[in-house]
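**Q** One structure is given below, represented as structure tokens, and several questions about it will come after.
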Amino acid sequence: MTFTARPTEVPDELVALTRRLGDPAADLVVLAEGNTSVRLDDDRFAVKASGSRMDVADAADFVVGELAELIAVLEDGAADQAELTCLLSAGVTRASIETLVHVAALAAGAEWVAHTHPTAVVGLLAVTDAEALWSAPLFPDEAVVLGEPAWVPYAAPGITLGRRVHAAIRERLDRDGVPPRLVLLGNHGIVALGATAAEVETITTMAVKAARVRAVALSAGTPAPLDVRHARELAGRPDEAARRALLRRSPTRSQEAP
Ligand SMILES: [Zn+2]
């Protein structure tokens with residue numbers, strides 16, 4: 001069986017991250033929206049089960065699966081939704097239908113993945129020209145923390161969305177040698193990829209801030225994004241890389257603006 005319930009193997013840090021992201025005050029998800037995952041040893045990963053709530057998650061709300069089998073589904077053009085649904089079953093608990101989004105991120109080298117539907121961001125992923133609105137950062141910290149997000153137009157959750165996210169991440173990996181830190185899903189939500197739980201939380205928080213800044217900019221006039229080359233410099237500068245390393249380890253409250 002591809003997925004099994006193994007609560008003793010689910011890291012406490014994954015449960016804690018999931019609960020923080022699910023906090024209603026953060027407005028990132030409601031009800032059973034959103035999911036988190038982390039890479040485990042032996043090419044396995046833990047991902048949130050289908051139908052469970054993030055804000056009250058415990059170790060029993062996750063299932064453990066094998067990456068290789070799911071990557072094969074992503075890369076096998078003949079696999080269909082019925083085959084995926086069958087693979088996601090884990091006894092009485094089923095892995096999230098969005099599991100392939102996590103598999104695509106983990107396959108590209110992410111250690112931690114958080115997928116949420118923040119109200120502030122989804123609203124600005126559901127407007128005409130959303131891709132253009134997010135094509136360049138509006139302020140330096142956005143560039144530093146988010147880098148260049150990958151864009152995936154709306155696709156039905158399941159195998160179609162999984163394949164499109166996989167293709168977008170692979171394209172960026174081939175171009176830059178590293179996966180994107182953030183994937184924007186049109187009319188849907190965001191996927192944060194990181195080396196630590198703190199990093200995916202930081203990326204999620206900054207994506208919400210970036211959405212709010214866009215909303216303010218749009219209400220005041222026409223947004224004037226940073227020059228893309230300057231944004232790339234900010235995202236890649238050694239001192240900014242050091243700041244990102246700090247963000248991976250600690251809460252963000254003491255970070256200084258550039
Ligand atoms: Zn979703």
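Labeling convention for the structure tokens: chains A, B, ... as they appear, residues from 1 per chain, ligands from 1 in order of appearance.
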Could you produce a table of the residues of chain A lying within 9 Å of ligand 1, with the nearest pair of atoms per residue and their separation in Å rounded to one decimal, using only C-alpha atoms and all ligand atoms, ordered by chain and increasing residue number, as a tab-separated table?
**A**
```
residue	atom	partner	partner_atom_place_in_ligand_line	distance
A:Glu33	CA	ligand 1	1 (Zn)	6.4
A:Gly34	CA	ligand 1	1 (Zn)	5.5
A:Asn35	CA	ligand 1	1 (Zn)	7.7
A:Ile97	CA	ligand 1	1 (Zn)	8.9
A:Glu98	CA	ligand 1	1 (Zn)	6.6
A:His115	CA	ligand 1	1 (Zn)	6.4
A:Thr116	CA	ligand 1	1 (Zn)	6.2
A:His117	CA	ligand 1	1 (Zn)	6.2
A:Pro157	CA	ligand 1	1 (Zn)	7.3
A:Leu185	CA	ligand 1	1 (Zn)	8.5
A:His188	CA	ligand 1	1 (Zn)	6.0
A:Gly189	CA	ligand 1	1 (Zn)	5.9
A:Ile190	CA	ligand 1	1 (Zn)	7.7
A:Val191	CA	ligand 1	1 (Zn)	8.7
```
**Q** Residues of the last selection are to be written out with N, CA and C atoms, as a compact mmCIF listing (two decimals), in the first residue's frame.
**A**
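Saved file again_5.txt follows:
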```
# COMPACT_ATOMS: atom_id res chain seq x y z
N GLU A 33 -9.56 23.02 4.48
CA GLU A 33 -8.67 23.51 3.43
C GLU A 33 -7.21 23.36 3.84
N GLY A 34 -6.34 23.28 2.83
CA GLY A 34 -4.90 23.36 3.04
C GLY A 34 -4.29 22.04 3.48
N ASN A 35 -2.98 21.94 3.29
CA ASN A 35 -2.27 20.74 3.71
C ASN A 35 -0.78 21.02 3.80
N ILE A 97 -6.26 14.98 -1.61
CA ILE A 97 -6.30 14.95 -3.08
C ILE A 97 -5.22 15.85 -3.67
N GLU A 98 -4.68 16.78 -2.86
CA GLU A 98 -3.64 17.69 -3.34
C GLU A 98 -2.23 17.13 -3.08
N HIS A 115 0.73 24.14 1.73
CA HIS A 115 -0.24 24.63 0.73
C HIS A 115 -1.44 25.22 1.48
N THR A 116 -1.72 26.50 1.22
CA THR A 116 -2.83 27.17 1.89
C THR A 116 -3.64 27.98 0.87
N HIS A 117 -4.79 28.48 1.33
CA HIS A 117 -5.68 29.29 0.49
C HIS A 117 -5.90 30.66 1.18
N PRO A 157 -8.14 20.28 -9.03
CA PRO A 157 -7.33 19.57 -8.04
C PRO A 157 -7.29 18.08 -8.36
N LEU A 185 -1.07 29.47 -7.49
CA LEU A 185 -2.07 28.66 -8.21
C LEU A 185 -3.26 29.55 -8.53
N HIS A 188 -6.89 29.72 -6.78
CA HIS A 188 -6.81 28.60 -5.84
C HIS A 188 -6.03 28.92 -4.57
N GLY A 189 -4.72 29.12 -4.66
CA GLY A 189 -3.94 29.32 -3.44
C GLY A 189 -2.45 29.33 -3.70
N ILE A 190 -1.68 28.99 -2.67
CA ILE A 190 -0.22 29.07 -2.77
C ILE A 190 0.43 27.80 -2.24
N VAL A 191 1.65 27.55 -2.73
CA VAL A 191 2.46 26.44 -2.24
C VAL A 191 3.82 27.03 -1.84
```
**Q** Would you write out, as JSON lines, a table of all residues in stretch 154-193 of chain A that have an atom no more than 10 Å from an atom of stretch 59-74 of chain A, listing for each the closest atom pair and the distance in Å to one decimal, considering only C-alpha atoms and ordering rows by chain and rising residue number?
**A**
```
{"residue": "A:Ile159", "atom": "CA", "partner": "A:Leu74", "partner_atom": "CA", "distance": 7.5}
{"residue": "A:Thr160", "atom": "CA", "partner": "A:Leu74", "partner_atom": "CA", "distance": 9.2}
{"residue": "A:Gly162", "atom": "CA", "partner": "A:Leu74", "partner_atom": "CA", "distance": 6.9}
{"residue": "A:Arg163", "atom": "CA", "partner": "A:Leu74", "partner_atom": "CA", "distance": 5.6}
{"residue": "A:Arg164", "atom": "CA", "partner": "A:Leu74", "partner_atom": "CA", "distance": 9.3}
{"residue": "A:Val165", "atom": "CA", "partner": "A:Leu74", "partner_atom": "CA", "distance": 9.8}
{"residue": "A:His166", "atom": "CA", "partner": "A:Leu74", "partner_atom": "CA", "distance": 7.3}
{"residue": "A:Ala167", "atom": "CA", "partner": "A:Leu74", "partner_atom": "CA", "distance": 9.3}
```
**Q** Contacts of A:Ser50 at 7 Å or less, counting only C-alpha atoms, minus same-chain residues fewer than 6 places along, as a PyMOL selection string?
**A** chain A and resi 94-97
**Q** Do a neighbour search on A:Arg212 at 12 Å with only C-alpha atoms, toss out local chain neighbours closer than 3 positions, and write the hits as a PDB file with N, CA and C atoms, in the first residue's frame.
**A**
```pdb
ATOM      1  N   PRO A 118      -4.863  31.460   1.370  1.00  0.00           N
ATOM      2  CA  PRO A 118      -5.054  32.731   2.104  1.00  0.00           C
ATOM      3  C   PRO A 118      -6.054  33.643   1.392  1.00  0.00           C
ATOM      4  N   THR A 119      -7.010  34.142   2.156  1.00  0.00           N
ATOM      5  CA  THR A 119      -8.037  34.992   1.551  1.00  0.00           C
ATOM      6  C   THR A 119      -7.426  36.160   0.783  1.00  0.00           C
ATOM      7  N   ALA A 120      -6.443  36.817   1.405  1.00  0.00           N
ATOM      8  CA  ALA A 120      -5.850  38.003   0.778  1.00  0.00           C
ATOM      9  C   ALA A 120      -5.167  37.657  -0.542  1.00  0.00           C
ATOM     10  N   VAL A 121      -4.561  36.467  -0.616  1.00  0.00           N
ATOM     11  CA  VAL A 121      -3.844  36.081  -1.837  1.00  0.00           C
ATOM     12  C   VAL A 121      -4.809  35.538  -2.885  1.00  0.00           C
ATOM     13  N   VAL A 122      -5.721  34.652  -2.464  1.00  0.00           N
ATOM     14  CA  VAL A 122      -6.630  34.039  -3.436  1.00  0.00           C
ATOM     15  C   VAL A 122      -7.435  35.112  -4.173  1.00  0.00           C
ATOM     16  N   GLY A 123      -7.826  36.154  -3.435  1.00  0.00           N
ATOM     17  CA  GLY A 123      -8.572  37.237  -4.083  1.00  0.00           C
ATOM     18  C   GLY A 123      -7.803  37.845  -5.244  1.00  0.00           C
ATOM     19  N   LEU A 124      -6.467  37.939  -5.064  1.00  0.00           N
ATOM     20  CA  LEU A 124      -5.647  38.551  -6.118  1.00  0.00           C
ATOM     21  C   LEU A 124      -5.083  37.512  -7.084  1.00  0.00           C
ATOM     22  N   LEU A 138       6.708  44.045  -5.583  1.00  0.00           N
ATOM     23  CA  LEU A 138       6.425  45.472  -5.401  1.00  0.00           C
ATOM     24  C   LEU A 138       7.335  46.107  -4.363  1.00  0.00           C
ATOM     25  N   PHE A 139       7.983  45.283  -3.526  1.00  0.00           N
ATOM     26  CA  PHE A 139       8.837  45.861  -2.471  1.00  0.00           C
ATOM     27  C   PHE A 139       9.981  44.886  -2.187  1.00  0.00           C
ATOM     28  N   GLU A 142       9.685  41.438  -0.318  1.00  0.00           N
ATOM     29  CA  GLU A 142       8.968  40.440  -1.113  1.00  0.00           C
ATOM     30  C   GLU A 142       9.955  39.689  -2.018  1.00  0.00           C
ATOM     31  N   THR A 205       3.700  33.809   5.111  1.00  0.00           N
ATOM     32  CA  THR A 205       3.408  35.117   5.711  1.00  0.00           C
ATOM     33  C   THR A 205       3.727  36.249   4.747  1.00  0.00           C
ATOM     34  N   MET A 206       4.869  36.134   4.054  1.00  0.00           N
ATOM     35  CA  MET A 206       5.248  37.201   3.117  1.00  0.00           C
ATOM     36  C   MET A 206       4.331  37.237   1.902  1.00  0.00           C
ATOM     37  N   ALA A 207       3.839  36.068   1.474  1.00  0.00           N
ATOM     38  CA  ALA A 207       2.901  36.049   0.343  1.00  0.00           C
ATOM     39  C   ALA A 207       1.628  36.809   0.697  1.00  0.00           C
ATOM     40  N   VAL A 208       1.181  36.660   1.940  1.00  0.00           N
ATOM     41  CA  VAL A 208      -0.012  37.390   2.386  1.00  0.00           C
ATOM     42  C   VAL A 208       0.271  38.891   2.414  1.00  0.00           C
ATOM     43  N   LYS A 209       1.443  39.255   2.940  1.00  0.00           N
ATOM     44  CA  LYS A 209       1.816  40.678   2.960  1.00  0.00           C
ATOM     45  C   LYS A 209       1.866  41.226   1.536  1.00  0.00           C
ATOM     46  N   ALA A 215      -3.175  44.960  -2.938  1.00  0.00           N
ATOM     47  CA  ALA A 215      -4.531  45.476  -2.795  1.00  0.00           C
ATOM     48  C   ALA A 215      -4.509  46.977  -2.502  1.00  0.00           C
ATOM     49  N   VAL A 216      -3.582  47.400  -1.647  1.00  0.00           N
ATOM     50  CA  VAL A 216      -3.469  48.831  -1.330  1.00  0.00           C
ATOM     51  C   VAL A 216      -3.016  49.603  -2.564  1.00  0.00           C
ATOM     52  N   ALA A 217      -2.012  49.049  -3.274  1.00  0.00           N
ATOM     53  CA  ALA A 217      -1.496  49.727  -4.463  1.00  0.00           C
ATOM     54  C   ALA A 217      -2.595  49.882  -5.519  1.00  0.00           C
ATOM     55  N   LEU A 218      -3.383  48.807  -5.695  1.00  0.00           N
ATOM     56  CA  LEU A 218      -4.456  48.853  -6.701  1.00  0.00           C
ATOM     57  C   LEU A 218      -5.541  49.852  -6.318  1.00  0.00           C
ATOM     58  N   SER A 219      -5.774  50.005  -5.009  1.00  0.00           N
ATOM     59  CA  SER A 219      -6.814  50.942  -4.583  1.00  0.00           C
ATOM     60  C   SER A 219      -6.342  52.389  -4.708  1.00  0.00           C
TER      61      SER A 219
END
```
**Q** Out of stretch 38-256 of chain A, which residues get strand (DSSP E or B) from DSSP, as a VMD selection string?
**A** chain A and resid 38 to 39 44 to 49 62 to 66 89 to 90 93 to 95 112 to 116 150 to 152 182 to 185 189 to 194
